[in-house]
Each structure stands twice: as structure tokens, then as C-alpha cells.
$ cat entry03.cif   # mmCIF, C-alpha atoms
data_upload
#
loop_
_atom_site.label_atom_id
_atom_site.label_comp_id
_atom_site.auth_asym_id
_atom_site.auth_seq_id
_atom_site.Cartn_x
_atom_site.Cartn_y
_atom_site.Cartn_z
CA MET N 933 -15.35 -15.07 -3.08
CA ASP N 934 -13.46 -11.81 -3.62
CA ASN N 935 -11.91 -11.80 -6.98
CA ARG N 936 -13.41 -8.51 -7.94
CA PRO N 937 -10.75 -5.97 -8.92
CA SER N 938 -9.74 -3.75 -6.05
CA SER N 939 -11.22 -0.30 -6.22
CA LEU N 940 -9.02 2.69 -6.89
CA ALA N 941 -9.84 4.08 -3.47
CA ASP N 942 -8.66 0.89 -1.77
CA THR N 943 -5.46 0.83 -3.78
CA LEU N 944 -4.72 4.49 -3.13
CA GLU N 945 -5.44 4.12 0.55
CA ARG N 946 -2.84 1.38 0.78
CA VAL N 947 -0.09 2.56 -1.53
CA LEU N 948 -0.16 6.16 -0.30
CA ASP N 949 -0.74 5.58 3.34
CA LYS N 950 0.84 2.25 4.22
CA GLY N 951 4.02 0.30 3.71
CA VAL N 952 7.67 0.90 4.46
CA VAL N 953 8.83 4.51 4.49
CA ILE N 954 12.45 5.25 3.68
CA VAL N 955 13.93 8.41 5.08
CA GLY N 956 17.39 9.88 4.78
CA GLU N 957 19.53 11.45 2.18
CA ILE N 958 19.23 8.59 -0.28
CA ALA N 959 15.53 9.26 -0.73
CA ILE N 960 14.39 11.88 -3.18
CA ASN N 961 11.13 13.55 -2.34
CA VAL N 962 9.31 13.41 -5.62
CA VAL N 963 5.80 13.45 -4.21
CA ASP N 964 4.31 15.29 -1.28
CA ILE N 965 2.62 12.16 0.02
CA GLU N 966 1.03 13.83 3.04
CA LEU N 967 -0.68 16.42 0.90
CA LEU N 968 -1.68 13.85 -1.67
CA THR N 969 -3.08 11.50 0.98
CA LEU N 970 -5.06 14.32 2.48
CA ARG N 971 -6.50 15.24 -0.90
CA VAL N 972 -7.34 11.64 -1.68
CA ARG N 973 -9.11 11.26 1.65
CA LEU N 974 -11.12 14.38 1.07
CA PHE N 975 -11.93 13.22 -2.40
CA ILE N 976 -12.96 9.76 -1.31
CA SER N 977 -15.13 11.05 1.50
CA SER N 978 -16.69 13.68 -0.71
CA ALA N 979 -20.41 13.70 -1.16
CA GLN N 980 -20.00 12.83 -4.81
CA THR N 981 -18.40 9.50 -4.04
CA ALA N 982 -20.94 8.86 -1.33
CA ARG N 983 -23.73 9.53 -3.77
CA GLU N 984 -22.21 7.10 -6.25
CA MET N 985 -22.39 4.52 -3.52
CA GLY N 986 -26.07 5.26 -3.14
CA MET N 987 -25.82 7.00 0.18
CA ASP N 988 -27.65 10.12 -0.87
CA TRP N 989 -30.46 10.11 1.64
CA TRP N 990 -29.53 13.55 2.93
CA THR N 991 -30.08 15.28 -0.39
CA ASN N 992 -33.83 15.19 0.20
CA ASP N 993 -33.61 15.64 3.94
CA PRO N 994 -34.48 19.26 4.84
CA PHE N 995 -32.18 19.07 7.86
CA PHE N 996 -29.09 18.41 5.75
CA SER N 997 -30.09 20.21 2.57
CA PRO N 998 -32.16 23.19 3.70
CA ASN N 999 -31.81 24.99 0.36
CA LYS N 1000 -33.21 22.07 -1.54
CA ALA N 1001 -36.05 21.78 0.94
CA ILE N 1002 -36.86 25.46 0.57
CA ALA N 1003 -36.73 25.07 -3.17
CA VAL N 1004 -39.16 22.17 -2.93
CA ILE N 1005 -41.50 24.17 -0.71
CA GLY N 1006 -41.22 27.11 -3.12
CA THR N 1007 -42.15 24.99 -6.10
CA ASN N 1008 -45.07 23.46 -4.25
CA GLU N 1009 -46.31 26.87 -3.20
CA LEU N 1010 -46.14 28.15 -6.76
CA GLU N 1011 -47.96 25.09 -7.99
CA ARG N 1012 -50.66 25.55 -5.39
CA GLN N 1013 -51.13 29.25 -6.30
CA ASN N 1014 -51.13 28.36 -9.96
CA THR N 1015 -53.87 25.75 -9.52
CA GLU N 1016 -55.90 28.10 -7.35
CA LEU N 1017 -55.68 30.89 -9.90
CA ARG N 1018 -56.56 28.55 -12.73
CA ASP N 1019 -59.62 27.33 -10.80
CA ARG N 1020 -60.70 30.90 -10.15
CA VAL N 1021 -60.28 31.84 -13.79
CA THR N 1022 -62.34 28.80 -14.83
CA ALA N 1023 -65.04 29.70 -12.27
CA LEU N 1024 -65.13 33.29 -13.49
CA GLU N 1025 -65.27 32.22 -17.11
CA ARG N 1026 -68.10 29.85 -16.37
CA ALA N 1027 -70.01 32.58 -14.45
CA LEU N 1028 -69.39 35.02 -17.24
CA GLY N 1029 -70.53 32.49 -19.84
CA GLU N 1030 -73.77 31.81 -17.92
CA GLN N 1031 -74.38 35.53 -17.51
CA SER N 1032 -73.90 36.32 -21.18
CA ALA N 1033 -76.16 33.36 -22.07
CA GLN N 1034 -78.86 34.78 -19.78
CA ILE N 1035 -78.39 38.22 -21.32
CA ALA N 1036 -78.66 36.70 -24.77
CA GLU N 1037 -81.83 34.81 -23.80
CA GLY N 1038 -83.35 37.77 -21.97
CA GLY N 1039 -82.49 40.17 -24.74
CA ARG N 1040 -84.24 38.10 -27.43
CA PRO N 1041 -87.33 39.78 -28.63
CA MET P 213 16.49 16.65 -20.06
CA SER P 214 14.78 14.68 -17.33
CA PRO P 215 16.88 13.28 -14.50
CA THR P 216 16.57 9.56 -13.86
CA ALA P 217 16.61 7.82 -10.50
CA LEU P 218 15.49 4.51 -9.04
CA CYS P 219 11.90 4.06 -8.02
CA ALA P 220 11.75 1.48 -5.22
CA TYR P 221 8.66 -0.72 -4.86
CA ALA P 222 9.31 -3.38 -2.26
CA ILE P 223 11.79 -5.25 -0.17
CA THR P 224 11.80 -8.98 -0.71
CA THR P 225 14.07 -11.97 -0.31
CA ASP P 226 16.88 -12.63 -2.74
CA HIS P 227 15.02 -15.80 -3.79
CA ALA P 228 12.43 -13.70 -5.53
CA PRO P 229 12.48 -14.34 -9.25
CA ASP P 230 13.90 -11.68 -11.47
CA LEU P 231 10.95 -9.73 -12.84
CA SER P 232 12.51 -8.82 -16.14
CA GLY P 233 11.01 -10.92 -18.90
CA THR P 234 8.10 -12.18 -16.82
CA PRO P 235 5.36 -12.43 -19.45
CA ALA P 236 2.50 -11.81 -17.05
CA VAL P 237 4.03 -8.53 -16.01
CA SER P 238 3.76 -5.54 -18.29
CA PHE P 239 4.61 -2.14 -16.93
CA GLU P 240 5.96 1.05 -18.33
CA VAL P 241 8.89 0.43 -16.03
CA GLU P 242 11.31 -2.49 -15.98
CA PRO P 243 11.61 -3.67 -12.42
CA ARG P 244 14.72 -5.53 -11.31
CA LEU P 245 16.21 -6.73 -8.04
CA ILE P 246 19.19 -5.36 -6.19
CA ALA P 247 20.17 -8.10 -3.73
CA TYR P 248 22.27 -8.02 -0.60
CA LEU P 249 22.73 -10.74 2.04
CA GLY P 250 19.42 -12.52 1.66
CA VAL P 251 17.25 -9.50 0.99
CA ALA P 252 16.57 -7.55 -2.17
CA LEU P 253 15.13 -4.22 -3.19
CA VAL P 254 12.77 -4.13 -6.17
CA VAL P 255 13.61 -1.08 -8.22
CA ALA P 256 13.12 0.38 -11.67
CA GLU P 257 14.79 3.25 -13.42
CA VAL P 258 12.37 6.17 -13.81
CA ASP P 259 12.28 9.76 -14.91
CA VAL P 260 11.83 11.81 -11.79
CA ASP P 261 9.49 14.03 -13.81
CA ARG P 262 6.82 11.37 -14.01
CA PHE P 263 5.92 12.10 -10.40
CA ALA P 264 5.86 15.87 -10.81
CA GLY P 265 2.67 17.70 -9.95
CA LEU P 266 0.56 14.66 -9.17
CA GLY P 267 -2.95 15.54 -8.14
CA ILE P 268 -6.10 13.68 -7.49
CA GLU P 269 -8.45 13.49 -10.43
CA PRO P 270 -11.79 11.76 -10.31
CA ALA P 271 -11.01 9.65 -13.36
CA GLU P 272 -9.93 6.03 -13.05
CA ASP P 273 -7.37 6.65 -15.76
CA GLY P 274 -5.84 9.74 -14.16
CA ARG P 275 -2.09 9.92 -13.81
CA LEU P 276 -2.07 9.24 -10.06
CA ALA P 277 -4.44 6.31 -10.54
CA ARG P 278 -2.22 4.82 -13.22
CA LEU P 279 0.98 5.22 -11.21
CA ALA P 280 -0.62 3.87 -8.04
CA ARG P 281 -1.92 0.83 -9.90
CA GLU P 282 1.49 0.29 -11.44
CA HIS P 283 3.11 0.46 -8.01
CA ASP P 284 0.61 -2.07 -6.70
CA ALA P 285 1.10 -4.29 -9.75
CA VAL P 286 4.88 -4.44 -9.31
CA VAL P 287 4.48 -5.22 -5.61
CA ARG P 288 1.95 -7.93 -6.45
CA ALA P 289 4.15 -9.47 -9.12
CA VAL P 290 6.80 -10.09 -6.48
CA PHE P 291 4.22 -11.00 -3.85
CA ARG P 292 2.95 -13.87 -6.00
CA CYS P 293 6.21 -15.77 -5.52
CA ALA P 294 7.97 -14.32 -2.48
CA PRO P 295 7.27 -12.46 0.76
CA VAL P 296 7.26 -8.68 0.35
CA LEU P 297 7.46 -5.54 2.40
CA PRO P 298 5.73 -3.03 0.14
CA LEU P 299 7.29 0.40 0.09
CA ARG P 300 5.15 3.49 0.13
CA PHE P 301 4.22 4.86 -3.27
CA GLY P 302 6.65 7.38 -4.69
CA THR P 303 9.78 6.15 -2.94
CA VAL P 304 12.58 7.27 -5.22
CA ILE P 305 16.25 6.89 -4.39
CA THR P 306 19.27 8.31 -6.10
CA ASP P 307 20.91 5.18 -7.57
CA SER P 308 21.97 1.57 -6.96
CA ASP P 309 24.61 2.69 -4.44
CA ALA P 310 21.79 4.17 -2.42
CA ALA P 311 19.92 0.87 -2.66
CA LEU P 312 22.92 -1.00 -1.30
CA LEU P 313 23.32 1.54 1.47
CA LEU P 314 19.72 0.93 2.48
CA LEU P 315 20.03 -2.85 2.36
CA ARG P 316 23.31 -2.81 4.26
CA ALA P 317 21.78 -0.72 7.02
CA HIS P 318 18.52 -2.64 7.32
CA HIS P 319 18.90 -6.18 5.95
CA GLU P 320 18.59 -7.85 9.36
CA GLU P 321 15.54 -5.87 10.33
CA ALA P 322 14.04 -6.47 6.89
CA ARG P 323 14.55 -10.23 7.25
CA VAL P 324 12.69 -10.26 10.55
CA TRP P 325 9.78 -8.41 8.93
CA LEU P 326 9.85 -10.68 5.89
CA ASP P 327 9.58 -13.73 8.17
CA ARG P 328 6.63 -12.09 9.86
CA VAL P 329 4.66 -11.74 6.62
CA GLN P 330 5.85 -14.97 4.98
CA GLY P 331 2.97 -17.20 3.88
CA ARG P 332 0.40 -14.58 4.83
CA ARG P 333 -1.88 -12.26 2.92
CA GLU P 334 -3.77 -9.17 3.90
CA TRP P 335 -7.58 -8.99 3.68
CA GLY P 336 -9.59 -5.84 4.14
CA VAL P 337 -13.01 -6.00 5.81
CA ARG P 338 -15.49 -3.14 5.99
CA GLY P 339 -18.80 -2.98 7.74
CA ARG P 340 -21.20 -0.36 6.51
CA GLY P 341 -24.46 0.44 8.25
CA SER P 342 -27.60 1.65 6.60
CA ARG P 343 -29.44 4.48 8.31
CA ILE P 344 -31.53 3.44 11.27
CA ASP P 345 -34.80 5.16 10.64
CA ASP P 346 -36.63 6.11 13.82
CA THR P 347 -40.03 6.23 12.16
CA THR P 348 -39.81 2.62 11.07
CA VAL P 349 -38.91 1.11 14.40
CA PRO P 350 -42.41 0.56 15.85
CA GLY P 351 -45.33 0.05 13.51
CA GLU P 352 -47.43 2.84 12.03
CA VAL P 353 -49.79 4.37 14.53
CA ASP P 354 -52.92 6.37 13.82
CA LEU P 355 -52.03 9.56 15.66
CA ALA P 356 -55.63 10.79 15.67
CA ASN P 357 -56.59 8.21 18.29
CA VAL P 358 -53.56 8.72 20.52
CA SER P 359 -53.48 10.88 23.62
CA GLY P 360 -50.57 13.22 24.37
CA THR P 361 -49.18 10.90 27.02
CA GLN P 362 -49.52 7.90 24.75
CA TYR P 363 -47.78 9.84 21.99
CA LEU P 364 -44.82 10.67 24.22
CA ALA P 365 -44.58 7.04 25.34
CA LEU P 366 -44.57 5.93 21.70
CA ARG P 367 -41.95 8.49 20.81
CA ARG P 368 -39.73 7.28 23.65
CA GLN P 369 -40.25 3.72 22.53
CA GLN P 370 -39.13 4.71 19.04
CA LEU P 371 -36.00 6.43 20.28
CA THR P 372 -35.10 3.53 22.56
CA GLY P 373 -35.62 1.24 19.58
CA VAL P 374 -33.12 3.24 17.54
CA GLU P 375 -30.64 3.25 20.40
CA ASP P 376 -31.04 -0.52 20.91
CA ALA P 377 -30.52 -1.15 17.21
CA ARG P 378 -27.39 1.01 17.25
CA ARG P 379 -25.96 -0.80 20.28
CA GLY P 380 -26.81 -4.18 18.83
CA ARG P 381 -24.89 -3.30 15.70
CA ILE P 382 -21.84 -2.12 17.57
CA ALA P 383 -21.79 -5.31 19.63
CA ALA P 384 -22.17 -7.45 16.50
CA ILE P 385 -19.37 -5.56 14.75
CA ARG P 386 -17.14 -6.07 17.80
CA THR P 387 -17.86 -9.78 17.65
CA LEU P 388 -16.98 -9.80 13.95
CA HIS P 389 -13.68 -8.01 14.52
CA GLY P 390 -12.87 -10.26 17.48
CA GLU P 391 -13.61 -13.50 15.66
CA LEU P 392 -11.68 -12.43 12.57
CA SER P 393 -8.74 -11.24 14.64
CA ARG P 394 -8.64 -14.66 16.30
CA ARG P 395 -8.25 -16.26 12.89
CA ALA P 396 -5.59 -13.81 11.75
CA ALA P 397 -1.93 -13.54 12.63
CA GLU P 398 -2.34 -9.79 13.03
CA SER P 399 -5.13 -7.30 12.72
CA THR P 400 -5.55 -3.59 12.62
CA SER P 401 -8.54 -1.31 12.40
CA ARG P 402 -8.94 2.32 11.57
CA ASP P 403 -11.23 4.93 12.98
CA HIS P 404 -14.38 4.85 10.98
CA PRO P 405 -16.10 8.03 9.98
CA GLY P 406 -19.75 8.26 9.03
CA ASP P 407 -21.60 5.13 8.14
CA LEU P 408 -18.47 2.95 8.29
CA LEU P 409 -18.81 0.80 11.37
CA LEU P 410 -15.65 -1.16 10.75
CA ASP P 411 -12.63 -0.57 8.57
CA ALA P 412 -10.14 -3.29 9.38
CA ALA P 413 -7.32 -5.28 7.85
CA TYR P 414 -6.25 -8.78 8.78
CA LEU P 415 -3.00 -10.57 8.03
CA VAL P 416 -4.05 -14.16 7.51
CA ASP P 417 -2.02 -17.33 7.08
CA THR P 418 -2.83 -18.81 3.68
CA THR P 419 -3.64 -22.07 5.48
CA ALA P 420 -6.23 -20.27 7.64
CA GLU P 421 -7.90 -18.38 4.80
CA ALA P 422 -10.74 -20.86 4.25
CA ASP P 423 -11.69 -20.68 7.91
CA PHE P 424 -11.34 -16.89 7.91
CA HIS P 425 -13.68 -16.50 4.95
CA ALA P 426 -16.19 -19.00 6.30
CA GLU P 427 -16.36 -16.88 9.44
CA VAL P 428 -16.76 -13.67 7.43
CA ARG P 429 -19.69 -15.26 5.58
CA ARG P 430 -21.30 -16.61 8.72
CA LEU P 431 -21.11 -13.31 10.59
CA SER P 432 -22.10 -11.16 7.64
CA ASP P 433 -25.25 -13.26 7.34
CA GLU P 434 -25.98 -12.37 10.94
CA LEU P 435 -25.24 -8.70 10.34
CA GLY P 436 -27.45 -8.45 7.26
CA PRO P 437 -30.76 -8.25 9.18
CA ARG P 438 -29.23 -5.52 11.37
CA GLY P 439 -28.77 -3.38 8.27
CA VAL P 440 -25.00 -3.87 8.16
CA SER P 441 -23.34 -4.91 4.92
CA VAL P 442 -19.89 -6.45 5.02
CA GLU P 443 -17.46 -6.11 2.16
CA VAL P 444 -14.16 -7.88 1.79
CA THR P 445 -11.19 -6.78 -0.32
CA GLY P 446 -8.08 -8.72 -1.06
CA PRO P 447 -5.88 -10.56 -1.09
CA TRP P 448 -3.45 -7.69 -0.64
CA PRO P 449 0.28 -7.68 -0.15
CA PRO P 450 0.80 -6.84 3.54
CA TYR P 451 0.59 -3.05 3.11
CA SER P 452 -1.15 -2.45 6.41
CA PHE P 453 1.28 -4.60 8.39
CA THR P 454 4.54 -3.10 7.24
CA GLN P 455 4.21 0.43 8.48
CA ILE P 456 7.88 0.73 9.31
CA GLU P 457 10.35 3.53 8.81
CA PHE P 458 13.86 2.73 7.61
CA ALA P 459 16.22 5.62 8.17
CA VAL P 460 19.40 5.65 6.15
CA ALA P 461 22.24 7.83 7.31
CA GLY P 462 25.03 8.90 5.07
CA VAL P 463 25.22 10.52 1.69
CA VAL P 464 25.85 8.46 -1.40
CA ALA P 465 29.09 9.46 -3.00
CA ASN P 466 28.38 9.92 -6.63
CA GLY P 467 29.71 11.97 -9.47
#

$ encode --input "entry03.cif" --output "C-alpha cells"
Amino acid sequence: MDNRPSSLADTLERVLDKGVVIVGEIAINVVDIELLTLRVRLFISSAQTAREMGMDWWTNDPFFSPNKAIAVIGTNELERQNTELRDRVTALERALGEQSAQIAEGGRP
Amino acid sequence: MSPTALCAYAITTDHAPDLSGTPAVSFEVEPRLIAYLGVALVVAEVDVDRFAGLGIEPAEDGRLARLAREHDAVVRAVFRCAPVLPLRFGTVITDSDAALLLLRAHHEEARVWLDRVQGRREWGVRGRGSRIDDTTVPGEVDLANVSGTQYLALRRQQLTGVEDARRGRIAAIRTLHGELSRRAAESTSRDHPGDLLLDAAYLVDTTAEADFHAEVRRLSDELGPRGVSVEVTGPWPPYSFTQIEFAVAGVVANG
């Protein structure tokens, strides 16, 4: 049931973090494993990876992403003002049109 | 000029087949065995420089990714035909004298560990929970027709619902870990951050694998409606069950 290839994260978690450790003067320290493991952990748990896994619910949650939420509110507010202004302009244009029509009618000899 | 040394991958028995010339195995390195009294170290000559400045890159084909996969592939090549104690990635020793020094100091201990993992494979099991949404627990209510007291009662009911769901999950995950541990020779689980409810590894006898997997399927079917998805990885060489440290005293006399 599980013949899918192991993910890089799973492989890294095991080869970096597990297995027999040899210490003593015969071993040459070619890699700072602790640092590397730490970086890998941070990388794996990063939001980017989480998002790839589809766990991005917080990006639209104002509690976790207040900036985004503010941005959303800002856009909505601008949209609302825009619509309101457009409606007012239309109303004024219509009023003006009616007025000038009346003037034209009234002014006809 | 890049200095060469021996990269060590695993400890195995001296019955393990020689890896050189195995057609299924293609690495940049040429792994071979250094044997001593029933145990052997799987090594390959490498430029020390190939490990220099390794960092984590997001790409699957980054240098660390490639080297880690190669390490795993060498370990697996041996693991297919003999018991192994995988060594941690990046274990480099000075030369074959150093290998013998290591085997001489630890061959008895290594044999005990090899017996322990013989005929067994490691399986990883993870349980991941979706978010329990408090607004979806009881049905939608028309708030216009609800009094303040009724509202508070509803709110409490919602929160208790979330708490019950959370507890139910934890209990179900415990059952899963318990049942799988019973079917495994050894088990280990790690602390699980975030939405990971279980991050465990099991060392399972190959003869018990069918039963183990049947149980995983049965219990993951039960966990599904609770919003918990179970994923299995493996088979792995027994990485998680060979967290041993072999100290080697003495300096290798070399020219």
C-alpha cells in the first residue's frame, strides 16, 4: 500500500537525525549536522511547506494574518467609496440632464 | 587538490554481498565492505570537499538532497539483503585502518544490535488533524430569534463540542499508537508540533507486516470521520531504532 517514493523531508529527517553516530578521532567532521538538522527542521516546518500541503487556512484568518485582513478591509472600503461616488455622479448627471432638458423646453419660444 | 577519506554508510554483517558491480545500484560513489569478525562497515572513498558548505535548498535536486538520497540508497542496497545499522549522514573516517579500529572496538555490540533489527523493517506513521471549526459543530442558528441566555448556552455547547472532538481524537490516536506498538517489535514517537497528532516509527517483523498494515487501515478508517488523516511511509532501514553512539578511542597511525 505504500510504494510511493519517500519524500525528501522524510529521508532528511532520518539520515540527518537518526542512526549510529561515530565519535572519536577517527571521525572527520565534514558536516555540522546539528546546524543542518536545525535548518532542515525550520525549513520543513516553514509556512511555505505547510502551504504546499494545503494547510493555509491562516492566510485568510485575520487573527493570524492581520495585515492581510487590514488590506482586505482597505480594498473593500475603497470599493464601497468608489461605488458610492459613482452612484452620486450618476444621480447628479441625471438631475443635471433633466434640468437642462426643462430649460431647453421652457426656453423654446 | 582535494583530500580523500572514507564515507561510512552502515554497519552490516560480513554475509552482506559486495556492492561493487551490483547492477541495480548506481551511485557516484563505489561502496565496498570492510569486514571484521562477523561484522562489516560499508564505506566508499570520497572527496572530503563534496560535503563542504552544505545548506538546505528548497529544490529536490539540491546538493544536500542528492547526497542524502545517495546515503539512503547505499543503506537500502545493503538492507535489501542483510540487516543494517544505518550510520548518520556525513560520517567520514580517515581510512581503512580507522574502519578496522571501529569494528575491533564495537563488533560485539554491533552484532547484538544487528540481531535486534534482523528480519525487521521500519515503518513511519503520521496522524494529521484537520482544523476543528467551532462554528460548524452545532447546526446553523438564526441569531435574530435567540435570546442572550440562549446565545450563551449555544456558544458553550459549541465550545464543548470542539473540546469533545479534540479529546476524542487524542484518545483515538492513542489507541492507534497502542495497537500498532503491540504489533511491532519496537516503537518510538516524537513530539508533534502543530497539526501533527502522531509522528511515530515502528520496527516490524516482516512476518507481522500484513497484520500491522491491516490494523493501520482499519484504524485510519475510524479516524477519517474525526478529521484525522493517517499517512504511512516505508519500509525504511531501521534508522529510528539504531540511535547509538560508538566512541572510538585512539588515533590512527598513518603517514

$ closest_atom_pairs --input "entry03.cif" --of "chain N" --to "chain P" --cutoff "7 Å" --atoms "all atoms listed in the file" --output "Markdown table"
| residue | atom | partner | partner_atom | distance |
| --- | --- | --- | --- | --- |
| N:Asp934 | CA | P:Thr445 | CA | 6.4 |
| N:Ser938 | CA | P:Thr445 | CA | 6.6 |
| N:Leu940 | CA | P:Ala277 | CA | 6.9 |
| N:Leu944 | CA | P:Ala280 | CA | 6.4 |
| N:Arg946 | CA | P:Tyr451 | CA | 6.1 |
| N:Val947 | CA | P:Phe301 | CA | 5.2 |
| N:Leu948 | CA | P:Phe301 | CA | 5.4 |
| N:Lys950 | CA | P:Tyr451 | CA | 5.4 |
| N:Gly951 | CA | P:Gln455 | CA | 4.8 |
| N:Val952 | CA | P:Leu299 | CA | 4.4 |
| N:Val953 | CA | P:Glu457 | CA | 4.7 |
| N:Ile954 | CA | P:Phe458 | CA | 4.9 |
| N:Val955 | CA | P:Ala459 | CA | 4.8 |
| N:Gly956 | CA | P:Val460 | CA | 4.9 |
| N:Glu957 | CA | P:Val463 | CA | 5.8 |
| N:Ile958 | CA | P:Ile305 | CA | 5.4 |
| N:Ala959 | CA | P:Ile305 | CA | 4.4 |
| N:Ile960 | CA | P:Val304 | CA | 5.4 |
| N:Val962 | CA | P:Phe263 | CA | 6.0 |
| N:Val963 | CA | P:Gly302 | CA | 6.1 |
| N:Leu968 | CA | P:Gly267 | CA | 6.8 |
| N:Arg971 | CA | P:Ile268 | CA | 6.8 |
| N:Val972 | CA | P:Ile268 | CA | 6.3 |

$ residues_around --input "entry03.cif" --residues "Gly250 in chain P" --least-positions-apart "2" --cutoff "6 Å" --atoms "all atoms listed in the file" --output "PDB file with C-alpha atoms, keeping the file's coordinate frame"
ATOM      1  CA  THR P 225      14.070 -11.970  -0.310  1.00  0.00           C
ATOM      2  CA  ASP P 226      16.880 -12.630  -2.740  1.00  0.00           C
ATOM      3  CA  TYR P 248      22.270  -8.020  -0.600  1.00  0.00           C
TER       4      TYR P 248
END

$ atom_distance --input "entry03.cif" --atom1 "CA of Arg333 in chain P" --atom2 "CA of Asp230 in chain P"
21.4 Å

$ resolve_selection --input "entry03.cif" --expression "the PyMOL selection byres ((chain P and resi 377) around 12)" --output "list in words"
Gly341, Ser342, Arg343, Ile344, Asp345, Asp346, Thr348, Val349, Gln370, Leu371, Thr372, Gly373, Val374, Glu375, Asp376, Arg378, Arg379, Gly380, Arg381, Ile382, Ala383, Ala384, Leu435, Pro437, Arg438, Gly439 and Val440 of chain P

$ write_last_selection --input "entry03.cif" --atoms "C-alpha atoms" --output "PDB file, in the coordinates of the input"
ATOM      1  CA  GLY P 341     -24.460   0.440   8.250  1.00  0.00           C
ATOM      2  CA  SER P 342     -27.600   1.650   6.600  1.00  0.00           C
ATOM      3  CA  ARG P 343     -29.440   4.480   8.310  1.00  0.00           C
ATOM      4  CA  ILE P 344     -31.530   3.440  11.270  1.00  0.00           C
ATOM      5  CA  ASP P 345     -34.800   5.160  10.640  1.00  0.00           C
ATOM      6  CA  ASP P 346     -36.630   6.110  13.820  1.00  0.00           C
ATOM      7  CA  THR P 348     -39.810   2.620  11.070  1.00  0.00           C
ATOM      8  CA  VAL P 349     -38.910   1.110  14.400  1.00  0.00           C
ATOM      9  CA  GLN P 370     -39.130   4.710  19.040  1.00  0.00           C
ATOM     10  CA  LEU P 371     -36.000   6.430  20.280  1.00  0.00           C
ATOM     11  CA  THR P 372     -35.100   3.530  22.560  1.00  0.00           C
ATOM     12  CA  GLY P 373     -35.620   1.240  19.580  1.00  0.00           C
ATOM     13  CA  VAL P 374     -33.120   3.240  17.540  1.00  0.00           C
ATOM     14  CA  GLU P 375     -30.640   3.250  20.400  1.00  0.00           C
ATOM     15  CA  ASP P 376     -31.040  -0.520  20.910  1.00  0.00           C
ATOM     16  CA  ARG P 378     -27.390   1.010  17.250  1.00  0.00           C
ATOM     17  CA  ARG P 379     -25.960  -0.800  20.280  1.00  0.00           C
ATOM     18  CA  GLY P 380     -26.810  -4.180  18.830  1.00  0.00           C
ATOM     19  CA  ARG P 381     -24.890  -3.300  15.700  1.00  0.00           C
ATOM     20  CA  ILE P 382     -21.840  -2.120  17.570  1.00  0.00           C
ATOM     21  CA  ALA P 383     -21.790  -5.310  19.630  1.00  0.00           C
ATOM     22  CA  ALA P 384     -22.170  -7.450  16.500  1.00  0.00           C
ATOM     23  CA  LEU P 435     -25.240  -8.700  10.340  1.00  0.00           C
ATOM     24  CA  PRO P 437     -30.760  -8.250   9.180  1.00  0.00           C
ATOM     25  CA  ARG P 438     -29.230  -5.520  11.370  1.00  0.00           C
ATOM     26  CA  GLY P 439     -28.770  -3.380   8.270  1.00  0.00           C
ATOM     27  CA  VAL P 440     -25.000  -3.870   8.160  1.00  0.00           C
TER      28      VAL P 440
END

$ atom_distance --input "entry03.cif" --atom1 "CA of Arg386 in chain P" --atom2 "CA of Ala420 in chain P"
20.6 Å

$ atom_distance --input "entry03.cif" --atom1 "CA of Asp433 in chain P" --atom2 "CA of Gln369 in chain P"
27.3 Å

$ residues_near_point --input "entry03.cif" --point "(-16.4, 1.7, 9.6)" --cutoff "7 Å" --atoms "all atoms listed in the file" --output "ChimeraX atom specification"
/P:338-340,403-405,407-411

$ write_last_selection --input "entry03.cif" --atoms "C-alpha atoms" --output "compact mmCIF listing (two decimals), keeping the file's coordinate frame"
# COMPACT_ATOMS: atom_id res chain seq x y z
CA ARG P 338 -15.49 -3.14 5.99
CA GLY P 339 -18.80 -2.98 7.74
CA ARG P 340 -21.20 -0.36 6.51
CA ASP P 403 -11.23 4.93 12.98
CA HIS P 404 -14.38 4.85 10.98
CA PRO P 405 -16.10 8.03 9.98
CA ASP P 407 -21.60 5.13 8.14
CA LEU P 408 -18.47 2.95 8.29
CA LEU P 409 -18.81 0.80 11.37
CA LEU P 410 -15.65 -1.16 10.75
CA ASP P 411 -12.63 -0.57 8.57

$ axis_aligned_box --input "entry03.cif" --around "range 281-285 of chain P" --padding-each-side "8 Å" --output "lines of an AutoDock Vina configuration file"
center_x = 0.6
center_y = -1.7
center_z = -9.1
size_x = 21.0
size_y = 21.1
size_z = 20.7

$ residues_near_point --input "entry03.cif" --point "(8.6, -7.4, -8.5)" --cutoff "6 Å" --atoms "all atoms listed in the file" --output "list in words"
Leu231, Val254, Val286, Val287, Ala289 and Val290 of chain P
